[in-house]
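Chemist: Below is the file protein_10.cif, with mmCIF, N, CA and C atoms.
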data_model
loop_
_atom_site.label_atom_id
_atom_site.label_comp_id
_atom_site.auth_asym_id
_atom_site.auth_seq_id
_atom_site.Cartn_x
_atom_site.Cartn_y
_atom_site.Cartn_z
N MET A 27 -13.52 -66.43 118.01
CA MET A 27 -14.35 -65.48 118.70
C MET A 27 -14.27 -65.71 120.21
N THR A 28 -14.24 -64.63 120.89
CA THR A 28 -14.20 -64.75 122.34
C THR A 28 -15.60 -64.91 122.89
N LYS A 29 -15.66 -65.33 124.13
CA LYS A 29 -16.95 -65.52 124.78
C LYS A 29 -17.71 -64.20 124.90
N GLU A 30 -17.00 -63.10 125.17
CA GLU A 30 -17.66 -61.80 125.30
C GLU A 30 -18.26 -61.34 123.97
N THR A 31 -17.53 -61.57 122.88
CA THR A 31 -18.05 -61.19 121.55
C THR A 31 -19.27 -62.02 121.21
N GLN A 32 -19.22 -63.31 121.51
CA GLN A 32 -20.36 -64.18 121.25
C GLN A 32 -21.57 -63.75 122.08
N ASP A 33 -21.36 -63.40 123.34
CA ASP A 33 -22.46 -62.93 124.19
C ASP A 33 -23.07 -61.65 123.64
N LEU A 34 -22.21 -60.75 123.18
CA LEU A 34 -22.70 -59.49 122.61
C LEU A 34 -23.52 -59.74 121.35
N GLN A 35 -23.06 -60.63 120.48
CA GLN A 35 -23.82 -60.96 119.27
C GLN A 35 -25.15 -61.60 119.61
N ASP A 36 -25.18 -62.44 120.61
CA ASP A 36 -26.44 -63.07 121.03
C ASP A 36 -27.43 -62.02 121.55
N LYS A 37 -26.92 -61.06 122.32
CA LYS A 37 -27.79 -59.99 122.83
C LYS A 37 -28.34 -59.14 121.69
N ILE A 38 -27.49 -58.85 120.70
CA ILE A 38 -27.94 -58.05 119.55
C ILE A 38 -29.02 -58.80 118.78
N ARG A 39 -28.81 -60.09 118.54
CA ARG A 39 -29.81 -60.89 117.82
C ARG A 39 -31.13 -60.95 118.60
N ALA A 40 -31.03 -61.11 119.90
CA ALA A 40 -32.24 -61.18 120.73
C ALA A 40 -32.99 -59.84 120.69
N GLN A 41 -32.26 -58.74 120.75
CA GLN A 41 -32.90 -57.42 120.72
C GLN A 41 -33.55 -57.16 119.37
N ARG A 42 -32.88 -57.54 118.30
CA ARG A 42 -33.46 -57.34 116.96
C ARG A 42 -34.72 -58.16 116.79
N GLY A 43 -34.75 -59.33 117.38
CA GLY A 43 -35.94 -60.17 117.29
C GLY A 43 -37.12 -59.57 118.04
N LYS A 44 -36.86 -58.89 119.15
CA LYS A 44 -37.93 -58.28 119.94
C LYS A 44 -38.47 -57.01 119.31
N ASP A 45 -37.59 -56.18 118.79
CA ASP A 45 -37.96 -54.85 118.32
C ASP A 45 -37.51 -54.65 116.88
N PRO A 46 -38.26 -55.19 115.92
CA PRO A 46 -37.82 -55.04 114.53
C PRO A 46 -37.91 -53.58 114.07
N GLN A 47 -37.06 -53.22 113.13
CA GLN A 47 -37.06 -51.87 112.59
C GLN A 47 -38.31 -51.65 111.75
N PRO A 48 -38.95 -50.51 111.87
CA PRO A 48 -40.13 -50.25 111.04
C PRO A 48 -39.73 -50.13 109.57
N THR A 49 -40.53 -50.72 108.72
CA THR A 49 -40.24 -50.65 107.29
C THR A 49 -41.12 -49.58 106.67
N PRO A 50 -40.56 -48.75 105.82
CA PRO A 50 -41.38 -47.72 105.18
C PRO A 50 -42.36 -48.35 104.20
N THR A 51 -43.52 -47.72 104.08
CA THR A 51 -44.52 -48.23 103.15
C THR A 51 -44.13 -47.84 101.72
N PRO A 52 -44.30 -48.75 100.78
CA PRO A 52 -43.93 -48.43 99.40
C PRO A 52 -44.94 -47.47 98.77
N GLY A 53 -44.49 -46.72 97.79
CA GLY A 53 -45.37 -45.80 97.09
C GLY A 53 -45.38 -44.42 97.71
N ALA A 54 -46.02 -43.51 97.02
CA ALA A 54 -46.08 -42.13 97.47
C ALA A 54 -47.25 -41.93 98.43
N SER A 55 -47.13 -40.91 99.28
CA SER A 55 -48.21 -40.60 100.20
C SER A 55 -49.35 -39.90 99.45
N GLY A 56 -50.50 -39.88 100.05
CA GLY A 56 -51.64 -39.22 99.42
C GLY A 56 -51.43 -37.73 99.25
N PHE A 57 -50.78 -37.12 100.23
CA PHE A 57 -50.50 -35.69 100.14
C PHE A 57 -49.54 -35.39 98.99
N GLY A 58 -48.54 -36.24 98.80
CA GLY A 58 -47.59 -36.05 97.71
C GLY A 58 -48.26 -36.18 96.35
N VAL A 59 -49.16 -37.13 96.23
CA VAL A 59 -49.87 -37.32 94.97
C VAL A 59 -50.78 -36.12 94.70
N ALA A 60 -51.46 -35.64 95.74
CA ALA A 60 -52.33 -34.47 95.57
C ALA A 60 -51.53 -33.23 95.16
N MET A 61 -50.35 -33.05 95.75
CA MET A 61 -49.51 -31.92 95.37
C MET A 61 -49.03 -32.03 93.93
N ALA A 62 -48.68 -33.24 93.51
CA ALA A 62 -48.25 -33.45 92.13
C ALA A 62 -49.39 -33.15 91.16
N MET A 63 -50.60 -33.57 91.51
CA MET A 63 -51.75 -33.29 90.64
C MET A 63 -52.03 -31.80 90.55
N MET A 64 -51.94 -31.12 91.71
CA MET A 64 -52.19 -29.68 91.72
C MET A 64 -51.15 -28.94 90.88
N MET A 65 -49.89 -29.31 91.04
CA MET A 65 -48.83 -28.65 90.28
C MET A 65 -48.99 -28.90 88.79
N ASP A 66 -49.39 -30.10 88.42
CA ASP A 66 -49.60 -30.42 87.01
C ASP A 66 -50.73 -29.57 86.43
N MET A 67 -51.80 -29.44 87.19
CA MET A 67 -52.94 -28.64 86.73
C MET A 67 -52.56 -27.17 86.57
N VAL A 68 -51.86 -26.63 87.57
CA VAL A 68 -51.45 -25.21 87.52
C VAL A 68 -50.48 -24.96 86.38
N CYS A 69 -49.52 -25.87 86.18
CA CYS A 69 -48.54 -25.69 85.11
C CYS A 69 -49.20 -25.73 83.74
N CYS A 70 -50.12 -26.67 83.53
CA CYS A 70 -50.82 -26.72 82.24
C CYS A 70 -51.62 -25.44 81.99
N LEU A 71 -52.26 -24.95 83.03
CA LEU A 71 -53.03 -23.71 82.89
C LEU A 71 -52.12 -22.53 82.56
N LEU A 72 -50.98 -22.44 83.24
CA LEU A 72 -50.05 -21.34 82.98
C LEU A 72 -49.43 -21.43 81.59
N VAL A 73 -49.14 -22.63 81.12
CA VAL A 73 -48.61 -22.79 79.76
C VAL A 73 -49.66 -22.35 78.74
N GLY A 74 -50.91 -22.73 78.95
CA GLY A 74 -51.98 -22.30 78.04
C GLY A 74 -52.13 -20.79 78.02
N LEU A 75 -52.10 -20.17 79.20
CA LEU A 75 -52.19 -18.71 79.26
C LEU A 75 -50.98 -18.04 78.61
N GLY A 76 -49.80 -18.62 78.80
CA GLY A 76 -48.59 -18.07 78.19
C GLY A 76 -48.64 -18.13 76.68
N ILE A 77 -49.12 -19.25 76.15
CA ILE A 77 -49.25 -19.36 74.69
C ILE A 77 -50.28 -18.36 74.19
N GLY A 78 -51.37 -18.20 74.92
CA GLY A 78 -52.37 -17.21 74.53
C GLY A 78 -51.80 -15.80 74.52
N LEU A 79 -51.00 -15.45 75.52
CA LEU A 79 -50.37 -14.13 75.55
C LEU A 79 -49.41 -13.93 74.38
N LEU A 80 -48.63 -14.96 74.09
CA LEU A 80 -47.70 -14.86 72.95
C LEU A 80 -48.44 -14.67 71.63
N VAL A 81 -49.50 -15.44 71.43
CA VAL A 81 -50.27 -15.31 70.19
C VAL A 81 -50.89 -13.93 70.09
N GLN A 82 -51.41 -13.43 71.21
CA GLN A 82 -52.03 -12.11 71.18
C GLN A 82 -51.01 -11.02 70.87
N LYS A 83 -49.82 -11.11 71.49
CA LYS A 83 -48.80 -10.09 71.25
C LYS A 83 -48.24 -10.17 69.83
N MET A 84 -48.04 -11.38 69.32
CA MET A 84 -47.43 -11.54 68.00
C MET A 84 -48.37 -11.10 66.88
N TRP A 85 -49.64 -11.47 66.96
CA TRP A 85 -50.56 -11.19 65.87
C TRP A 85 -51.62 -10.16 66.22
N ASN A 86 -51.48 -9.52 67.38
CA ASN A 86 -52.37 -8.45 67.80
C ASN A 86 -53.84 -8.86 67.71
N THR A 87 -54.14 -10.00 68.35
CA THR A 87 -55.51 -10.50 68.32
C THR A 87 -56.27 -10.01 69.56
N SER A 88 -57.50 -10.42 69.67
CA SER A 88 -58.32 -9.99 70.81
C SER A 88 -57.97 -10.81 72.05
N PRO A 89 -58.35 -10.31 73.23
CA PRO A 89 -58.08 -11.06 74.47
C PRO A 89 -58.84 -12.39 74.57
N VAL A 90 -59.76 -12.61 73.67
CA VAL A 90 -60.48 -13.88 73.66
C VAL A 90 -59.51 -15.03 73.40
N VAL A 91 -58.42 -14.76 72.66
CA VAL A 91 -57.43 -15.78 72.37
C VAL A 91 -56.75 -16.24 73.67
N ILE A 92 -56.47 -15.29 74.56
CA ILE A 92 -55.87 -15.65 75.85
C ILE A 92 -56.83 -16.56 76.63
N ALA A 93 -58.10 -16.18 76.65
CA ALA A 93 -59.09 -16.99 77.36
C ALA A 93 -59.22 -18.38 76.72
N GLY A 94 -59.19 -18.42 75.40
CA GLY A 94 -59.31 -19.71 74.71
C GLY A 94 -58.14 -20.64 75.01
N PHE A 95 -56.92 -20.09 74.94
CA PHE A 95 -55.76 -20.93 75.24
C PHE A 95 -55.70 -21.27 76.73
N GLY A 96 -56.16 -20.36 77.58
CA GLY A 96 -56.24 -20.68 79.01
C GLY A 96 -57.21 -21.82 79.27
N LEU A 97 -58.34 -21.80 78.55
CA LEU A 97 -59.31 -22.88 78.66
C LEU A 97 -58.72 -24.19 78.17
N LEU A 98 -58.01 -24.13 77.05
CA LEU A 98 -57.35 -25.35 76.54
C LEU A 98 -56.31 -25.87 77.53
N GLY A 99 -55.57 -24.97 78.15
CA GLY A 99 -54.60 -25.38 79.16
C GLY A 99 -55.27 -26.02 80.36
N GLY A 100 -56.39 -25.46 80.78
CA GLY A 100 -57.15 -26.04 81.89
C GLY A 100 -57.68 -27.42 81.56
N ILE A 101 -58.16 -27.58 80.33
CA ILE A 101 -58.65 -28.90 79.90
C ILE A 101 -57.50 -29.90 79.85
N ALA A 102 -56.34 -29.47 79.35
CA ALA A 102 -55.18 -30.36 79.31
C ALA A 102 -54.74 -30.74 80.73
N GLY A 103 -54.79 -29.78 81.65
CA GLY A 103 -54.45 -30.07 83.04
C GLY A 103 -55.42 -31.05 83.67
N LEU A 104 -56.69 -30.86 83.41
CA LEU A 104 -57.70 -31.77 83.94
C LEU A 104 -57.51 -33.18 83.37
N PHE A 105 -57.24 -33.25 82.08
CA PHE A 105 -56.98 -34.54 81.45
C PHE A 105 -55.77 -35.23 82.09
N SER A 106 -54.74 -34.46 82.36
CA SER A 106 -53.52 -35.00 82.98
C SER A 106 -53.81 -35.50 84.40
N VAL A 107 -54.59 -34.74 85.15
CA VAL A 107 -54.94 -35.15 86.52
C VAL A 107 -55.76 -36.43 86.51
N VAL A 108 -56.69 -36.54 85.58
CA VAL A 108 -57.49 -37.76 85.48
C VAL A 108 -56.60 -38.95 85.12
N GLN A 109 -55.66 -38.72 84.21
CA GLN A 109 -54.73 -39.79 83.85
C GLN A 109 -53.91 -40.24 85.06
N MET A 110 -53.43 -39.28 85.84
CA MET A 110 -52.67 -39.62 87.05
C MET A 110 -53.52 -40.42 88.03
N GLY A 111 -54.76 -40.01 88.19
CA GLY A 111 -55.66 -40.71 89.10
C GLY A 111 -55.95 -42.14 88.64
N LEU A 112 -56.17 -42.31 87.35
CA LEU A 112 -56.42 -43.65 86.82
C LEU A 112 -55.18 -44.51 86.94
N HIS A 113 -54.02 -43.93 86.69
CA HIS A 113 -52.78 -44.70 86.79
C HIS A 113 -52.52 -45.09 88.24
N ARG A 114 -52.82 -44.21 89.17
CA ARG A 114 -52.62 -44.53 90.59
C ARG A 114 -53.60 -45.59 91.05
N GLY A 115 -54.81 -45.59 90.50
CA GLY A 115 -55.82 -46.57 90.88
C GLY A 115 -55.49 -47.98 90.41
N GLN A 116 -54.68 -48.11 89.38
CA GLN A 116 -54.32 -49.42 88.84
C GLN A 116 -53.28 -50.13 89.68
N LYS A 117 -52.52 -49.38 90.48
CA LYS A 117 -51.44 -49.99 91.27
C LYS A 117 -51.96 -50.75 92.46
#
Can you present the structure in this file as structure tokens?
Modeler:
Amino acid sequence: MTKETQDLQDKIRAQRGKDPQPTPTPGASGFGVAMAMMMDMVCCLLVGLGIGLLVQKMWNTSPVVIAGFGLLGGIAGLFSVVQMGLHRGQK
């Protein structure tokens, strides 16, 4: 190694020691978790409503079936959101 290369390496080491690179924080951000919970809730609700629509069209039932399956989808979404929250709290 030449003296110039050694001097350059010393300067780089000194600079790295003064100004360390910021390290990203592990885990997801709060906004990301909130968006995931919202999407999970909306998807469960839409699946419940979709099943209710299919049942109503196939067997020509009353619109109460759509409301019932929508309610079940909402409950499933709420259950899923609570599970996500409990799982996040354990970390």
Chemist: Which residues would end up in the selection if the PyMOL selection byres (((chain A and resi 98-105 and name CA) around 9) and name CA) were applied here, given that I need the answer as JSON, numbers by chain?
Modeler: {"A": [63, 64, 66, 67, 68, 69, 70, 71, 72, 73, 74, 75, 93, 94, 95, 96, 97, 106, 107, 108, 109, 110]}
Chemist: Using atom N of Ile92 in chain A and atom C of Gly78 in chain A as the two end points, give the distance in Å to one decimal.
Modeler: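 Distance reported for this atom pair: 4.7 Å.
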Chemist: Please compute the atom N of Ala62 in chain A-CA of Val81 in chain A distance, one decimal, in Å.
Modeler: 29.5 Å
Chemist: Find the distance between CA of Ile77 in chain A and atom C of Gly111 in chain A and write it in Å to one decimal.
Modeler: 27.5 Å
Chemist: Where's the centre, and what are the edge lengths in Å to one decimal, of a box along x, y and z enclosing all listed atoms of range 79-85 of chain A padded 4 Å per side, as lines of an AutoDock Vina configuration file?
Modeler:
center_x = -49.7
center_y = -12.8
center_z = 70.7
size_x = 12.6
size_y = 13.4
size_z = 17.7
Chemist: Output as a PyMOL selection string all residues of range 29-115 of chain A that backbone DSSP marks as alpha helix (DSSP H).
Modeler: chain A and resi 29-44+56-85+90-115
